[in-house]
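Remarks on the structure that follows.
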Amino acid sequence: MPATSLLGPSLGLSAILFSLGVAGVLLRRNAIVLFMCIELMLNAVNLSFIALAQLHGSGGQIIVLFVMTVAAAEAAVGLAIILAIFRLKQSVDLKQLNLLQG
Amino acid sequence: MTQFLQSIHYGEWILHALIVLPLLGVVPVLLGDPKSARRTALVVTTLELVLSLGLWWALVPGQAGLQLVANIPWIPSWGISYRVGIDGISLVMVLLTTVLMPLSVLASWHYISTRERGFYALMLTMLTALVGVFIALDLFLFYVYFELTLIPMYFIIGIWGGTNRVYAAIKFFVYTMTGSLLMLVAIVVLVWKVQAATGQLSFAYEHLLRNAGAAGSAAPWLFAAFALAFAIKVPIFPFHTWLPDAHVEAPTAGSVLLASVMLKIGTYGFLRFAVPFFPGVALSPAVSALMVTLAVIGVIYGALVALVQPDFKKLVAYSSVSHLGLVMLGIWGGTMQSVQGALIVMISHGLSTGALFLLIGMMYERRHTRLLEAYGGIARVVPVFSLLLTVVAFSSIGLPGLNGFVGEFLVLLGSITAFPRATVIATTVVIFAAGYLLWAIQRIIYNRLDDPENERFGDLTARELAVILPLVVGIVWIGLYPAPILRRMEPATRQYLEATAVTRTGPTTALGVLRHVVEEARR
Amino acid sequence: MTQLDLGTPGGIMLALLPELLLTGWALLVLLVVAWRHRTAEDSRLAGWLSFAGVAVSAAGLAALWVNGATPAGLAQMVALDPFRYGADAVALIAAGGTILLSLGYLERESLLAPEYYPLVLLSTAGMLFLAGAEDLIVLFLGLEVMSVGVYVLAGYDRNNPASAEAALKYFLIGAFASGFLLYGIALVYGATGTTNLSLVGAQLAGRPLPLMAALGLGLLLIGLGFKVAAVPFHMWAPDVYDGSPTPVTGFMATGVKAAAFAALVRVLLEAFPSATSLWQPIVAGLAIASMVVGNLAALVQRSLKRMLAYSSIAHAGYLLTAVWAGTQAGAGAVLFYLLAYSLVTLAAFGFLSVFGRGGERDVSLDDIAGLARSRPWVAFGFSVCMFSLLGFPGTFGFMGKWYIISALAAERQYILPVILVLTSVVSAGYYLPVVMAMYMRPAPDSERYAGVRLAPAALGAIALAVAVVLLFGVWPGPLLDVAGQSALTLTQTGLPFAGP
Amino acid sequence: MTFSHAVWLAVALPLAGFLVNGALALRRPRATGLVSVVGPGVLVAAFVVAAGIFLELWREPPHAPTVVSLWSWLPVGQLQVDLAFQVDQLSAVMLLIVTGVGSLIHLYSVGYMKADPGYARFFAYMNLFVAFMLVLVLGSSFPVMFIGWEGVGLCSYLLIGFWFNDKVNADAGLKAFIMNRIGDVGFLVAMFLIWRAFGSLDFTWVTGHAADTLAPGGAVVTAITLFLFLGCTGKSAQIPLYTWLPDAMAGPTPVSALIHAATMVTAGVYLVARTNVLFALAPVSSTIVAGIGALTALFAATIALRQYDIKKVLAYSTVSQLGYMFVGVGTGAYAAGMFHLATHAFFKALLFLGAGSVIHAMHEAYHATHSHEDAQDMRNMGGLRHAMPWTFGLMLVATLAIAGIPPFSGFFSKDEILSAAFARGGEAPIYYLFYAMGILAALLTAYYMARLMAMTFLGPNRTGERERTHLHEAPWIMTGPLLALGVLSTVGGALNLPHLVGGHSALERWLEPVLAPGLAVGRLSMPEGSTEYLLVGAAVAIGVIGLLLGFRATLGRGILPAREAPPDTGFALVLNRKYYIDELYEAVVVRPLLWLSRVVLWRGVDQGLVDGAAVNGAAWTSRVFGGGLRLLQTGHVGAYVVLFLVGALWILRAVIR
């Protein structure tokens with residue numbers, strides 16, 4: 001099956017993208033950037049689903065649609081929250097967000 | 001008497017009544033006028049006492065095993081039931097509790113002047129929990145009551161206690177809980193082990209007792225958990241440091257109940273649960289050596305530390321450590337004499353120490369200090385108080401003819417066979433006991449009366465006499481004629497000894513056996 | 001026993017009755033608040049309407065439960081078993097309680113945007129999906145529906161920096177964790193070709209676990225571990241609990257946790273019963289870490305809210321030990337404990353919301369000193385909560401702990417129970433001082449608690465919760481049976497090769 | 001119904017007296033009239049019972065003791081202890097002595113304590129004491145005897161500290177009780193060992209089966225007897241536990257006479273006589289008993305040489321005489337020990353009561369002039385024979401008796417003990433040493449008694465000019481009992497007149513049934529013929545020499561009143577300060593013990609280790625860890641992500657395996 005020959009590289013790429021997203025979350029301190037990194041992670045997983053769909057049928061592709069929807073909803077809420085923070089603090093730098101600690 | 005009791009079906013309802021009555025009493029106490037709370041509590045506790053007295057006759061003497069057993073399913077899917085019953089050992093512990101409770105209420109008459117309703121409600125709850133502990137025959141039920149005794153005492157110490165009460169209360173609570181929670185795990189594990197062996201999931205005492213052998217290799221751990229819980233409660237050295245703090249801070253009634261009844265839960269637990277469940281572990285040479293060593297250390301250590309206490313209450317607290325050490329020695333002595341002696345020490349200590357705390361409370365109400373140095377020479381001013389203090393002190397010292405001696409003597413006598421060295425060391429406590437108590441009462445009632453405050457020290461009122469005199473009567477009675485109590489307890493003790501399959505007492509010589517036969521024939 | 005054919009639209013509608021009722025009702029309430037959203041009156045109206053929605057959903061749930069609805073054949077997407085009903089019930093109780101507590105709170109804090117209540121309803125719908133998910137995708141969707149709602153609720157007091165910060169932290173780390181969860185789903189899907197839990201279990205049974213599935217399991221554990229606030233994925237919890245409006249904190253600590261635990265149990269027991277030896281050490285590790293860290297950190301908190309946040313981490317640890325058992329008894333214990341814990345926690349946060357008057361965020365021990373003198377019943381109720389959380393006999397919490405220990409002992413596991421009880425002793429170090437402050441310390445001044453007033457709705461909810469906590473503390477029998485039975489189907493799925 | 005079966009009356013009567021007087025003391029402390037009747041009355045009644053019993057036994061000497069069981073006291077399995085009294089020849093003798101001497105002393109007390117505000121309380125205690133003392137001598141088993149044994153200790157405690165508002169008196173009472181308790185440990189352990197060996201604690205059983213049960217000279221019997229003897233050293237004030245007795249003189253003088261001379265302190269001797277068979281089976285223990293006795297006799301006598309307090313002299317004399325008795329019973333001459341016990345009861349009671357009269361007179365004299373001089377210091381006395389001729393005469397009789405001058409009672413009893421020791425020397429030469437020590441002690445006894453008499457009654461009076469006129473003889477209620485005791489001291493020797501002077505060892509024969517088990521093990525062959533004469537001669541000579549030396553030395557020197565007297569120096573000071581034994585005990589035992597308790601155990605172990613390190617330490621550690629976790633919770637999302645990833649990596653590592 002020629003299709004499956006792409007499975008390995010696809011999954012690998014997905015893993016790399018996911019890791020990049022994680023690394024971004026780890027390293028960046030801007031809430032917006034952080035959020036984008038999380039989106040990257042989700043989309044990396046989407047890539048996995050698409051690749052696996054070759055193996056297991058269309059279920060994976062349907063899942064991707066769900067995930068995209070969810071991601072959109074999350075983005076809506078997330079950006080609203082970030083906006084609220086920006087209004088209060090005039091900044092979205094996470095380093096300055098440590099009112100709650102201990 | 002027996003017939004009368006039968007005619008009212010006493011045996012069928014009494015144990016439930018003893019549990020429920022105080023709880024019912026809580027309602028009028030809480031709802032009534034604060035000033036009448038004490039009266040209600042007194043009525044309820046006295047009624048409880050009167051009811052409980054019938055147990056003395058309801059228990060068929062000479063018959064081994066648990067009697068008046070009642071079983072009501074509670075959580076059937078877990079094999080938990082409300083299962084109660086008594087034998088000779090429980091009987092005396094229940095009676096000790098019900099006797100001391102009205103006296104404690106009476107002793108709090110003026111001592112407790114704030115939030116009376118709460119106090120007396122807690123006292124009544126306490127009564128339920130204490131009686132429950134001694135009659136519970138379901139491990140789950142026992143555990144619930146065991147823990148339930150903590151709450152009232154925790155509040156009694158914490159709310160009506162002395163200056164350092166909060167520390168004392170939490171120390172008391174956490175200390176006890178540490179042990180009991182581990183015991184909880186042990187109970188559950190034991191039940192499941194027994195379930196695996198017998199196919200029956202049940203927390204019933206007899207069921208577990210019969211099949212405790214199923215614990216197998218876990219037995220040492222299970223015993224350790226039980227033993228720790230009870231050791232803290234007793235308390236055995238080195239788990240005793242909650243006791244002085246709790247005693248000193250608690251109000252009089254709290255101290256009395258704590259010392260007279262609650263400590264006995266620990267030793268009762270050893271006799272009822274820890275040792276019979278795991279005799280192979282408990283009475284193995286290594287564990288015996290450990291327990292006896294700790295017991296003897298407790299006996300001597302408690303006495304020595306008591307010797308140098310400036311606070312009378314603390315002194316008595318440490319003396320409790322000493323006395324309870326003797327009980328432990330007696331339990332491990334493993335003879336009829338030593339175990340019966342241990343039980344008598346439990347009762348005697350309840351009476352003597354209870355009386356001491358009551359007297360200390362009366363001193364405190366008059367002078368607002370418990371420091372020995374504040375007193376001196378008051379025997380001239382208050383002869384009756386001094387006389388009673390002396391009698392009670394000598395009872396605690398173990399003067400023959402008073403109750404303290406009977407238990408002490410039997411414990412030591414019975415333990416000499418198994419643990420000669422430990423017994424001889426423990427015997428020296430009679431010196432230190434005389435030392436700390438007589439030195440203390442010398443500094444209170446003898447010596448020069450140089451504080452004018454003490455000139456105004458009033459002698460005991462009628463109410464206070466009513467509190468103390470019953471105990472003094474008990475002290476003399478047990479000292480001179482303990483036979484009825486000994487006989488009530490003997491079947492239970494015998495059964496305990498048989499269950500734990502200890503090498504029986506006794507006569508180590510052929511002649512001794514001969515004498516035994518002669519004695520038996522004579523009776 | 002009613003059998004529902006989940007292949008037909010009618011069947012699936014019936015199977016999703018509580019969820020659908022709740023969602024529909026939420027939309028209805030949204031409509032209502034669209035033009036009534038200005039006054040306190042409006043807010044109250046929305047609140048009561050929403051409460052009615054919860055009740056309606058609960059009625060649907062009861063209908064399913066009472067009829068003993070089971071799927072005809074394989075449950076495709078959503079489970080139809082008592083475990084789901086039990087978990088749903090806890091979630092609905094949490095939602096109902098939260099609404100009742102919020103009624104007075106929102107008014108007092110002048111948070112008069114009635115969209116709050118539909119959000120609660122929608123989150124709850126997410127919880128119901130999460131708790132009933134028989135498919136990993138449903139699980140993911142439920143989780144996200146729940147989370148998105150709660151993110152907003154956490155930041156509902158948006159002019160309060162703490163609340164906004166809580167929302168942001170929760171959102172960022174939550175989404176981050178969702179990524180892990182999703183990746184886990186992908187890997188499981190890759191390894192088995194299905195996302196149905198029972199089918200996953202069937203696929204994995206009887207052969208060594210493929211690496212992909214193992215990684216998937218690990219990632220699922222991480223994702224769900226985050227939601228239940230297990231150490232080391234707990235760090236968000238104290239901050240978010242602390243910053244959120246108090247009723248929302250209660251909602252998070254109870255509903256969210258309950259639904260996530262239900263999902264966790266279902267995933268582990270239905271999809272990975274063959275990998276018990278793999279996940280048990282991990283769950284044990286998470287449990288121990290949660291119990292130790294939660295209790296020790298709670299010990300040094302000054303703010304009661306934070307203290308309860310850490311204590312909820314500790315309770316997650318206790319629950320994880322029950323999950324560890326991986327048996328019917330363990331699952332039953334989880335449900336039972338969840339109910340016990342949720343009731344008490346709701347009541348406790350309800351009390352807290354009363355103590356923290358007008359914008360005051362931190363309630364410390366000093367703020368409740370001597371409360372018992374002036375407000376004996378409040379002090380009594382709060383003390384009952386503390387003793388129940390402590391696991392003291394006579395309370396529901398004790399029965400819960402007992403059940404957990406029992407489930408573990410039945411599996412011959414002794415170390416976890418010992419750690420459980422020892423850390424419980426530590427917890428006495430912070431629960432008892434609360435009681436002491438109320439009973440054993442004098443009030444700073446006689447007028448101190450004049451303003452402490454429970455709104456009637458909250459009062460009713462709390463009183464009911466406390467009463468139930470005491471009732472089930474001494475008479476837990478029937479409930480125990482229900483909990484025990486509810487987990488029966490979980491470990492005995494219809495498939496012959498599923499389950500150990 | 002015989003007197004023997006009514007023996008409980010002998011105990012019940014004083015007990016009833018105690019209750020009546022005690023009630024009066026609490027409610028009507030001024031009702032002296034009733035107290036004066038009840039107090040001595042019950043004693044006299046008890047004496048009648050005792051005499052009845054004695055006559056009964058005399059008429060029909062029983063072969064087995066009569067055991068009167070009142071009720072079952074400690075029925076525990078095989079242990080069956082009844083509260084029972086045992087009437088036999090030995091207990092009958094003790095019964096007579098206790099009630100007889102006790103009656104006299106009670107009568108005397110009516111006069112002596114007349115003015116005391118604690119009059120009723122005093123008689124209550126005294127009655128109680130007699131009751132306990134009778135339990136002690138009548139008890140049919142070790143535990144019952146122990147009731148009396150400890151009970152008399154209690155009364156001793158109460159009576160020593162009778163004037164409790166003086167710390168010294170209260171201290172003395174406490175000291176007495178504690179020292180006794182040390183001995184009681186021995187008694188208790190001995191009981192336990194006996195129980196272990198015999199399975200019984202009844203005297204009849206133990207004495208009857210000792211010879212079959214225990215190996216002679218074996219470790220068990222030696223241990224039992226040594227522990228018993230430890231009990232005796234406490235109660236009977238022997239080395240090393242004797243120091244309480246001199247302090248016990250803080251009590252009223254009748255107390256000293258009754259408790260600390262005539263009855264209680266002899267309980268140890270009685271115990272050895274009662275368990276004679278055990279001691280006979282344990283030669284090592286017997287030797288130790290005799291040795292300790294001899295050493296105590298000598299040691300206490302030397303201290304008595306240099307005391308100025310009249311009661312202290314008599315106290316040390318008592319310690320010394322008790323030593324003699326132990327030499328007797330340790331030698332195996334149980335009857336001789338008991339004989340000396342009886343005669344000593346007479347003459348020492350007489351001496352104490354005489355001293356009491358003197359003190360009474362001195363006290364009244366000083367009281368009359370509001371002087372604060374020491375009424376008991378012999379340096380303040382002198383020449384009292386003029387004012388108190390009766391007392392002087394009677395005390396002289398007692399002095400002659402104690403010095404061993406024939407025909408007074410002490411001569412016979414002491415001589416018998418010394419002869420026995422000498423006789424035992426034939427088998428065990430160390431007894432010769434004991435004999436020598438006894439002889440030396442006898443010399444010292446005569447010397448210090450002569451010194452006492454000379455300082456008190458002879459020479460010029462040193463009381464003071466104003467006081468002298470107030471000195472007068474005691475009332476008849478006090479001198480009457482003195483007279484009776486004087487007669488007994490004189491003729492008491494007749495109890496056990498040796499063959500030498502035509503008697504037939506009446507007491508020895510009388511006690512034969514009780515002592516038989518011990519004698520069956522080993523009977524002492526007493527010296528006869530020329531040896532006997534020689535020994536008697538030596539004893540008399542020693543007594544006479546001692547008296548002469550004592551009078552000469554004392555009268556030959558000018559004595560200054562206490563206030564003006566120069567302090568003692570050198571060895572005299574050492575003797576006066578009792579070899580500093582009290583200070584030694586204080587430094588070696590009491591202080592270290594208190595230090596250990598306070599500093600090491602309480603502050604160190606209790607508060608430091610257990611509470612501090614373990615309990616609070618655990619709480620502290622938990623808080624420190626909690627604090628550490630708090631620091632970790634920085635509030636920064638980045639930190640949370642880091643920990644999240646650490647956890648994630650751990651889990652992934654775990655699933656990969």
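Starting from 1 in every chain, residues are counted up; chains themselves are A, B, ... following the order of the structure tokens, and ligands are numbered from 1 as listed.
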Check: Quick one: residues within 10 Å of segment 378-382 of chain B, only C-alpha atoms counted, chain neighbours fewer than 5 positions away excluded, as a ChimeraX atom specification?
Finding: /B:387,389,441-451,454-460 /D:26,118,164-165
Next item on the list: Tell me the residues of chain C close to chain B, meaning within 7 Å using only C-alpha atoms, as a ChimeraX atom specification.
Entry: /C:393,405-406,409-410,417-418,421-422,425,428,439-440,477,481
Note to self: Taking 4 positions as the minimum chain separation for residues in the same chain, which residues sit within 9 Å of Val255 of chain D when counting only C-alpha atoms? Answer as a PyMOL selection string.
What the structure shows: chain D and resi 105+109+126+156+159-160+249+251+259-261
Pull the closest atom pair for each residue of chain D that gets at most 7 Å from chain C, along with the distance in Å to one decimal, counting only C-alpha atoms, ordering rows by chain and then ascending residue number, as JSON lines.
```
{"residue": "D:Ser622", "atom": "CA", "partner": "C:Leu296", "partner_atom": "CA", "distance": 6.1}
{"residue": "D:Arg623", "atom": "CA", "partner": "C:Val300", "partner_atom": "CA", "distance": 6.2}
{"residue": "D:Phe625", "atom": "CA", "partner": "C:Leu296", "partner_atom": "CA", "distance": 6.6}
{"residue": "D:Gly626", "atom": "CA", "partner": "C:Ala297", "partner_atom": "CA", "distance": 4.2}
{"residue": "D:Gly627", "atom": "CA", "partner": "C:Val300", "partner_atom": "CA", "distance": 6.2}
{"residue": "D:Leu629", "atom": "CA", "partner": "C:Ala297", "partner_atom": "CA", "distance": 5.9}
{"residue": "D:Arg630", "atom": "CA", "partner": "C:Ala297", "partner_atom": "CA", "distance": 6.3}
{"residue": "D:Gln633", "atom": "CA", "partner": "C:Met235", "partner_atom": "CA", "distance": 6.9}
{"residue": "D:Val637", "atom": "CA", "partner": "C:Lys169", "partner_atom": "CA", "distance": 6.7}
{"residue": "D:Tyr640", "atom": "CA", "partner": "C:Met235", "partner_atom": "CA", "distance": 5.7}
{"residue": "D:Leu643", "atom": "CA", "partner": "C:Pro232", "partner_atom": "CA", "distance": 6.4}
{"residue": "D:Phe644", "atom": "CA", "partner": "C:Phe233", "partner_atom": "CA", "distance": 5.2}
{"residue": "D:Gly647", "atom": "CA", "partner": "C:Pro232", "partner_atom": "CA", "distance": 5.6}
{"residue": "D:Ala648", "atom": "CA", "partner": "C:Ile222", "partner_atom": "CA", "distance": 6.2}
{"residue": "D:Ile651", "atom": "CA", "partner": "C:Gly218", "partner_atom": "CA", "distance": 5.9}
{"residue": "D:Leu652", "atom": "CA", "partner": "C:Gly218", "partner_atom": "CA", "distance": 5.5}
{"residue": "D:Val655", "atom": "CA", "partner": "C:Ala214", "partner_atom": "CA", "distance": 5.6}
{"residue": "D:Ile656", "atom": "CA", "partner": "C:Ala214", "partner_atom": "CA", "distance": 6.7}
```
Check: Residues of chain A within 8 Å of chain C, using only C-alpha atoms, as a count of residues only?
Finding: 29
Contacts of chain D with chain A up to 7 Å, shortest pair per row, only C-alpha atoms, as a Markdown table:
```
| residue | atom | partner | partner_atom | distance |
| --- | --- | --- | --- | --- |
| D:Arg630 | CA | A:Gly102 | CA | 4.6 |
| D:Leu631 | CA | A:Gly102 | CA | 6.1 |
| D:Gln633 | CA | A:Gly102 | CA | 5.0 |
| D:Thr634 | CA | A:Gln101 | CA | 5.3 |
| D:Gly635 | CA | A:Gln101 | CA | 4.2 |
| D:His636 | CA | A:Asn98 | CA | 5.6 |
| D:Val637 | CA | A:Leu94 | CA | 6.7 |
| D:Gly638 | CA | A:Leu26 | CA | 6.3 |
| D:Val641 | CA | A:Leu26 | CA | 6.2 |
| D:Val642 | CA | A:Leu26 | CA | 6.7 |
```
Output file for the residues above (C-alpha atoms, as a CSV table (one decimal), in the first residue's frame):
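Final file, result_14.csv:
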```csv
chain,number,residue,atom,x,y,z
D,630,ARG,CA,4.1,27.1,48.7
D,631,LEU,CA,7.3,28.6,47.4
D,633,GLN,CA,3.6,27.9,43.7
D,634,THR,CA,5.1,31.1,42.3
D,635,GLY,CA,2.0,32.2,40.4
D,636,HIS,CA,3.9,32.1,37.1
D,637,VAL,CA,2.3,30.0,34.4
D,638,GLY,CA,5.7,29.2,33.1
D,641,VAL,CA,4.1,24.3,32.7
D,642,VAL,CA,7.5,23.2,33.7
```
Item checked: At most 8 Å to chain B: residues in chain D, only C-alpha atoms, as a PyMOL selection string -> chain D and resi 26+71-79+146-147+150-151+164-167+170+174+177-178+181-182+185+188-189+191-193+195-200+213+594+597-598+601-602+606+610-611
Next item on the list: Can you work out the spacing between atom CA of Thr204 of chain D and atom CA of Ser140 of chain D in Å, to one decimal?
Entry: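 Taking atom CA of Thr204 of chain D and atom CA of Ser140 of chain D, their separation equals 7.7 Å.
Atom CA of Ala219 of chain B to atom CA of Tyr403 of chain C spans 22.1 Å [interatomic distance, one decimal].
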Next item on the list: Work out how far apart atom CA of Leu440 of chain D and atom CA of Ile545 of chain D are and give it in Å to one decimal.
Entry: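 Taking atom CA of Leu440 of chain D as the start and atom CA of Ile545 of chain D as the end point, the length is 11.4 Å.
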